[in-house]
Amino acid sequence: MLQEAHFTARGSTQMTEGRPAPTRMMRSHTDTLLAVAFFKDGRRIVTASHDRTLRICDMQRGTLVGGPFEGHEDYVRSVAVSPDDRRIASSGDDKAIIIWDVESREMILDPLEKHTGWVLSVCFSPDGKRLASGSHDKTVVIWDAETGDVLATLDKHNNSVCSVAFSPDGLKLASGSADNSIRIWRSDNAELLLEIDAHQHWVRSVVWSPDGQQLVSASLDKTIRFWSSDDGKQVGQPCTGHSTYHSLAISSDGSFIATASDDKTLRLWNTKTHKLIGHVLEHAALIRCVAISPNGELLVSGDGEGKVLLCSIKNILEQHNAEEGELKHEEAWQQRLPFSETQLHGYESNEEFLGNYSNSSNPSKIDDTFGNNDDHSLFDILAIQAILRNGSATDILNTAEELLTKEIDADDNNYESYANRSVVRGRHNEWKNALQDAAKSIAIQPSLLGYISKGIALCGNGQLWDAMEAFDLAFVFYNHNPIIVDLLLLIKAVSLFNASRHEEGMRRVQDMATAYQHPDIFPYSVINSYLRAQLAITDFENGQYSKAADQLTASITGLFLHTTLLEPRLKIFTVLFGWDLDSLWETINRRRCDAFLLAGRVVEAVESFQYMMSVIHETGKSICIKWSTAFKKDCTVHCVTKAHEAVAASNYEMAVALYSAAIALDSSSESLFVHRSKVNLEQKLYTEALHDAEKVIELNPSSYLGYEVKHVALHKAQRYDEAIETFSIMFSKLDHDPDAQRQSKLRITNVSTGKSLTHFPELHQQYTSPSEAEDTIRQAVHAQLENAPLRLLNTSTGCLCNREAQIHTFLESTEYKQLLYLSMIHAPLQPELITEAVAKYFSRVMLSHRWEQKEPLLHDVQDKIVYDLDPVGTMVKLQTFCKTARDAGYRWAWSDTCCIDQNNNVELQRSVNSMFVWYRQSALTIIYLSDVLPSAKSGALAKSAWNTRGWTIQEFLAPTVILFYRADWTPYLDDHSPNHKMSSTIMYELQSSTGIDASSLVTFRPGMKGAREKLQWASNRVTTLQEDIAYSLFGIFGIHLPVIYGETKQNALGRLLQEIVARSGDISALDWIGKSSRFNSCLPADIASYKAPPCMLSFLSEDEMQMSVSRLQNAAAVESALTLYTLLDSLSAPRFANSRLQLPCIAFPITEVRRRGGQDQETCFTYYVKADGVQDLVITTEDRLIQFSRARPIQQTFLLVRPWNRYDPGLLDFEDDKSVKTMSMPWSMSDRSPSGSVDEYEYAESIDSELPSRALRLMVRLGQTFGALLLAQQRGGEYKRIASDHNIMARVKDRTTVHGMMDIRTLEIL
């Protein structure tokens, strides 16, 4: 943003003569500005900064030109502009030098890399063909600026080279160093010409005088010194005053230097006297660099805040020059006269030509002559009559002409009246009459005014050669009067200008201003500006608006202040040429504003208007009120239109400038602030956007509009509480703002979301009410935490949080505020996105580990900060776990040691039943192997005690993502992948050690399926509490049961197995070897009974099956098979409740039990068993069985039973969709109904037609070996299983036995 600022002159608080002019200040960078350089046009500068970029600024307009130059990788410390203004060289801390093309902003060459340290200084040679650089590596390198080749390396310095500079002729190169010296080299062959022991501290900057005779250096020893470039001797006394010198610049004419310092001051110094020029210029920030414009009138500096400051120093220098060593007036006048002394003496001897002005020949009296009445003195010298002295108005001129005519009529020899009337007639453009009067005046009496009026008339008549002769003759009457000399030269130049010799006329005025050392006699810059303004007005009238605008700007710069036009000595030009100086200021300012506007340069038009209004007096404002009102309206429309176009083109920087310009004209328009706020948001300028939003609210507090842009700005600035509060205010105003619906139709996009608004009839329908959004989020939180642990560790704070604290932390979090805000600005609500965000926030890391002695429990960490507890023992494990989870990006962590209240039975029971789900829903499970050393190789995981524990099986099966850590908390096998379940090496090792297949390890699904296999997985595991061997499997099977510590292992395991059988009907859990449980004799007393592989029955191949079925293809066999099939199909599924098992089975009565002899003292007995329909068996058991036979029967009944499982092959289970889908369909496509579908009757008929075949296949299977149970009947008619140390494998005697296998029943087993 462009700002108006002022330097403060030390010791004064007001702007006075000789003080700096108003300054422009603009931010060009986001960080400290380290270097600045002017282009030759004096309008543009290039800056370099800590932010690693370069920027070009147009200081006349106060704008950045295009985007930044980006390419450096570190601070940019130096910048230089080539002599042709087409290239820029820059260097910095990335040790590289880059040469840029100004127009394209692209690198011309690859970065020049030779230096090994920071490149602190860079400069072009005067011809632009070479480049020099000085570096922290103590060397100077000379480069070919066209090719980038190294031409020479200069390495005589003993410390960093801070500054390099080519001499004006390019033949020498100076370098200043941190070794306190200055060295001068030949630039063509790198010969060291001179070494100057210059300072007592680092030489920070070195410059050459324009004539190449001197060097000027600035140092950290707080001095500026001047040196002869021939012999290195110091010239004069040093300049002192700054606390530290950072930068040094010299004017193009070598008359003064400028210095910048960390003491927040700029100083100007006279290079001849070495004295301070004017006042010390103070600023609010550290000043790091300074440069002087080519014309020496402007000073630009860069500060530590990235701002560029432009100051006009013209007045300072003019006042200084007036006070210091001015030439005597007489010498200057003699040098400027167009005649030789001989000619002048010839004229002086003619008394007729001298008139009455001989008294003015003493120069010492001139200043007294022209004091406060300069205008009267000029009029007197020129013999202009009083009637013309205020002759700016036409009516006065008419009156004057009448009076002068009367005087001439009264005295025909009155040459003064003829000369005065010639002036009047010239003003009327009556050049012929004017020329006649002038000639008449001269004929009567040659005079100064006579020749002046003749020259003016001749110019007006187009007779330029004759006019110049007339003006030259007028010099005869100068009579040593400097005023006459100045005046004649100026009149001559203005007359040429009026004769359409514009360039020549203006050149003459400029030459006079340059050559004459005392411009206080006549304000040449004002006259030049007036002429420039006249040209500009002509360009304006010819439609050349942009050119006219620039010309008028230059004119105003020359005039500088309105009061300049009131200079008394300028009134003579009003009389002679009709200059309307009274209204000139307003005229050229108006025209400039109009010119910029018509040229499409609307920002400059606004700046011009603001400038005009700031300096014009109140009377002037009232006079131009009609024009200013129309201008503001028209310009505002143009600004807004162009701003909209800039937004559409994504040129946001330009859009801000345009909206700002419009606001400067109309600061009461809330829509302009709204637009600028939105564009500032696009540029991430949130502070600026918020300021604009506040302004909208200030302008119209009752409207929703200001709050709408404000809540977005606050959100973008991450001030979420305020954003939500502001949104709530906005939402409440929507229903009460009568213009809300109308305004919503006018706008194009939702400022918050960018979504089109044209689909919504009412504005508030685009948003969700805060209460609705809050409720939806709270519901999502409730759903998320419903199946989450009651307590979690906050990894950020180290505090243990209960459910209430977790929710409170969430509601205070940035995530919640952002989620609430985003939910409010979108309609309709998107619950799935809210659920996802809530789940992400509450994502947690679970710990799986082996409990060690004295683990930290709930009471050890409750109301404490885990990280602050003494890091001893297992507390270190907990602390490191929390830190590891935090470092992985997770806020919440859970450990079973301290996150469960072990003394609360209700909580304990819930935790045990929920444990699998908690691990399942974890974002990450960390498995800590405390006994695996950092040096351990593959295989250590299999041997870890963690791999033997009962609870850990669900802790690695349930999670989706797991990571194994060794004892030192480094990843197992140094595997840094995000999920060790994706590591084939680790999963293979885990598969080998657990017997769990890799597919289940990676994608385990809980449930009853494969119950026998899952029981085998757990058969080798142990737990500290005996009941936990069963409780740890609840989640594996998806079962919820009461947790009753103290009930014994057999009871806990029995309840689990009972639930598995009862819910699934799967009797594979009865397949075990070992001791029977007291819970039920069909169940094992210990989980270890499942270690043995499950009983695997042999199955016939399809060919063998077909052959066996074919042998049974007779009516009797089929009928018998169908009967058996029907009986088995009618059996109910196994039922298990209250420790009693209702087991459907095929029973084979035992006819004989005989114990093998010699086993009386043994604890395990072998029996020979015979049963109807099956082959004889040998059974080993710890139970003592009563021996019997058919010859010696007993009352107790023993059965050998084949448990019937509906999932056995052969039966069609209509409740199992898969059995239907995989069943072969006997019909062909031609058998389908016309509609292409099969009706229910045909479907049932097709299944019935398969039954004989299925029944026969079942018959064949029943003839194969099967696993049997030995049951003993109890007194109440129930049975008990007699356990065996091996599987009891039985087989029917022959196929005829299968046909008679009709003892099918359901037994109750205790």
# chains A, B, ... in the order shown; residues from 1 in each chain; ligands from 1
call {"tool": "residues_around", "arguments": {"residues": "stretch 604-606 of chain A", "least_positions_apart": "3", "cutoff": "6 Å", "atoms": "only C-alpha atoms", "output": "list in words"}}
result
Cys593, Phe596, Leu597, Arg601, Phe609 and Ala661 of chain A
call {"tool": "residues_around", "arguments": {"residues": "A:Asn528", "least_positions_apart": "5", "cutoff": "8 Å", "atoms": "only C-alpha atoms", "output": "ChimeraX atom specification"}}
result
/A:506,509-510,555,558
call {"tool": "write_last_selection", "arguments": {"atoms": "N, CA and C atoms", "output": "PDB file, in the first residue's frame"}}
result
ATOM      1  N   MET A 506      12.068  25.377 -24.368  1.00  0.00           N
ATOM      2  CA  MET A 506      12.232  24.693 -23.081  1.00  0.00           C
ATOM      3  C   MET A 506      13.696  24.363 -22.821  1.00  0.00           C
ATOM      4  N   VAL A 509      15.435  27.380 -21.357  1.00  0.00           N
ATOM      5  CA  VAL A 509      15.128  27.588 -19.935  1.00  0.00           C
ATOM      6  C   VAL A 509      15.894  26.593 -19.072  1.00  0.00           C
ATOM      7  N   GLN A 510      15.949  25.341 -19.516  1.00  0.00           N
ATOM      8  CA  GLN A 510      16.666  24.314 -18.757  1.00  0.00           C
ATOM      9  C   GLN A 510      18.154  24.606 -18.701  1.00  0.00           C
ATOM     10  N   SER A 555       5.186  18.922 -14.595  1.00  0.00           N
ATOM     11  CA  SER A 555       4.966  20.340 -14.324  1.00  0.00           C
ATOM     12  C   SER A 555       4.674  20.577 -12.861  1.00  0.00           C
ATOM     13  N   GLY A 558       7.683  20.294 -10.771  1.00  0.00           N
ATOM     14  CA  GLY A 558       8.519  21.490 -10.862  1.00  0.00           C
ATOM     15  C   GLY A 558       7.960  22.638 -10.062  1.00  0.00           C
TER      16      GLY A 558
END
call {"tool": "residues_around", "arguments": {"residues": "A:Asn651", "least_positions_apart": "4", "cutoff": "12 Å", "atoms": "only C-alpha atoms", "output": "list in words"}}
result
Gly66, Gly67, Lys642, Ala643, His644, Glu645, Ala646, Val647, Ala655, Val656, Ala657, Leu658, Val679, Asn680, Glu682 and Gln683 of chain A
call {"tool": "residues_around", "arguments": {"residues": "A:Leu1143", "least_positions_apart": "3", "cutoff": "6 Å", "atoms": "only C-alpha atoms", "output": "ChimeraX atom specification"}}
result
/A:1134,1306-1307
call {"tool": "residues_around", "arguments": {"residues": "A:Thr1151", "least_positions_apart": "6", "cutoff": "7 Å", "atoms": "only C-alpha atoms", "output": "list in words"}}
result
Lys1170, Ala1171, Asp1172, Ser1189 and Arg1190 of chain A
call {"tool": "write_last_selection", "arguments": {"atoms": "all heavy atoms", "output": "PDB file, in the first residue's frame"}}
result
ATOM      1  N   LYS A1170     -15.943-102.573  22.098  1.00  0.00           N
ATOM      2  CA  LYS A1170     -16.717-103.051  20.961  1.00  0.00           C
ATOM      3  C   LYS A1170     -18.065-102.350  20.982  1.00  0.00           C
ATOM      4  O   LYS A1170     -18.646-102.139  22.041  1.00  0.00           O
ATOM      5  CB  LYS A1170     -16.917-104.548  21.026  1.00  0.00           C
ATOM      6  CG  LYS A1170     -15.636-105.343  20.856  1.00  0.00           C
ATOM      7  CD  LYS A1170     -15.913-106.850  20.837  1.00  0.00           C
ATOM      8  CE  LYS A1170     -14.599-107.617  20.625  1.00  0.00           C
ATOM      9  NZ  LYS A1170     -14.854-109.087  20.563  1.00  0.00           N
ATOM     10  N   ALA A1171     -18.558-101.985  19.786  1.00  0.00           N
ATOM     11  CA  ALA A1171     -19.852-101.314  19.682  1.00  0.00           C
ATOM     12  C   ALA A1171     -20.556-101.823  18.447  1.00  0.00           C
ATOM     13  O   ALA A1171     -19.916-102.216  17.452  1.00  0.00           O
ATOM     14  CB  ALA A1171     -19.665 -99.815  19.605  1.00  0.00           C
ATOM     15  N   ASP A1172     -21.884-101.816  18.486  1.00  0.00           N
ATOM     16  CA  ASP A1172     -22.662-102.291  17.351  1.00  0.00           C
ATOM     17  C   ASP A1172     -22.415-101.395  16.136  1.00  0.00           C
ATOM     18  O   ASP A1172     -22.520-100.170  16.205  1.00  0.00           O
ATOM     19  CB  ASP A1172     -24.153-102.269  17.684  1.00  0.00           C
ATOM     20  CG  ASP A1172     -24.515-103.371  18.697  1.00  0.00           C
ATOM     21  OD1 ASP A1172     -23.701-104.303  18.835  1.00  0.00           O
ATOM     22  OD2 ASP A1172     -25.580-103.232  19.332  1.00  0.00           O
ATOM     23  N   SER A1189     -19.495-107.088  29.106  1.00  0.00           N
ATOM     24  CA  SER A1189     -19.622-107.696  27.779  1.00  0.00           C
ATOM     25  C   SER A1189     -21.050-108.167  27.620  1.00  0.00           C
ATOM     26  O   SER A1189     -21.871-108.029  28.538  1.00  0.00           O
ATOM     27  CB  SER A1189     -18.634-108.875  27.620  1.00  0.00           C
ATOM     28  OG  SER A1189     -18.956-109.905  28.569  1.00  0.00           O
ATOM     29  N   ARG A1190     -21.352-108.759  26.465  1.00  0.00           N
ATOM     30  CA  ARG A1190     -22.720-109.261  26.284  1.00  0.00           C
ATOM     31  C   ARG A1190     -23.005-110.379  27.272  1.00  0.00           C
ATOM     32  O   ARG A1190     -24.142-110.539  27.725  1.00  0.00           O
ATOM     33  CB  ARG A1190     -22.888-109.772  24.848  1.00  0.00           C
ATOM     34  CG  ARG A1190     -22.862-108.662  23.800  1.00  0.00           C
ATOM     35  CD  ARG A1190     -23.110-109.257  22.410  1.00  0.00           C
ATOM     36  NE  ARG A1190     -22.979-108.248  21.356  1.00  0.00           N
ATOM     37  CZ  ARG A1190     -23.960-107.456  20.971  1.00  0.00           C
ATOM     38  NH1 ARG A1190     -25.146-107.551  21.544  1.00  0.00           N
ATOM     39  NH2 ARG A1190     -23.755-106.570  20.020  1.00  0.00           N
TER      40      ARG A1190
END
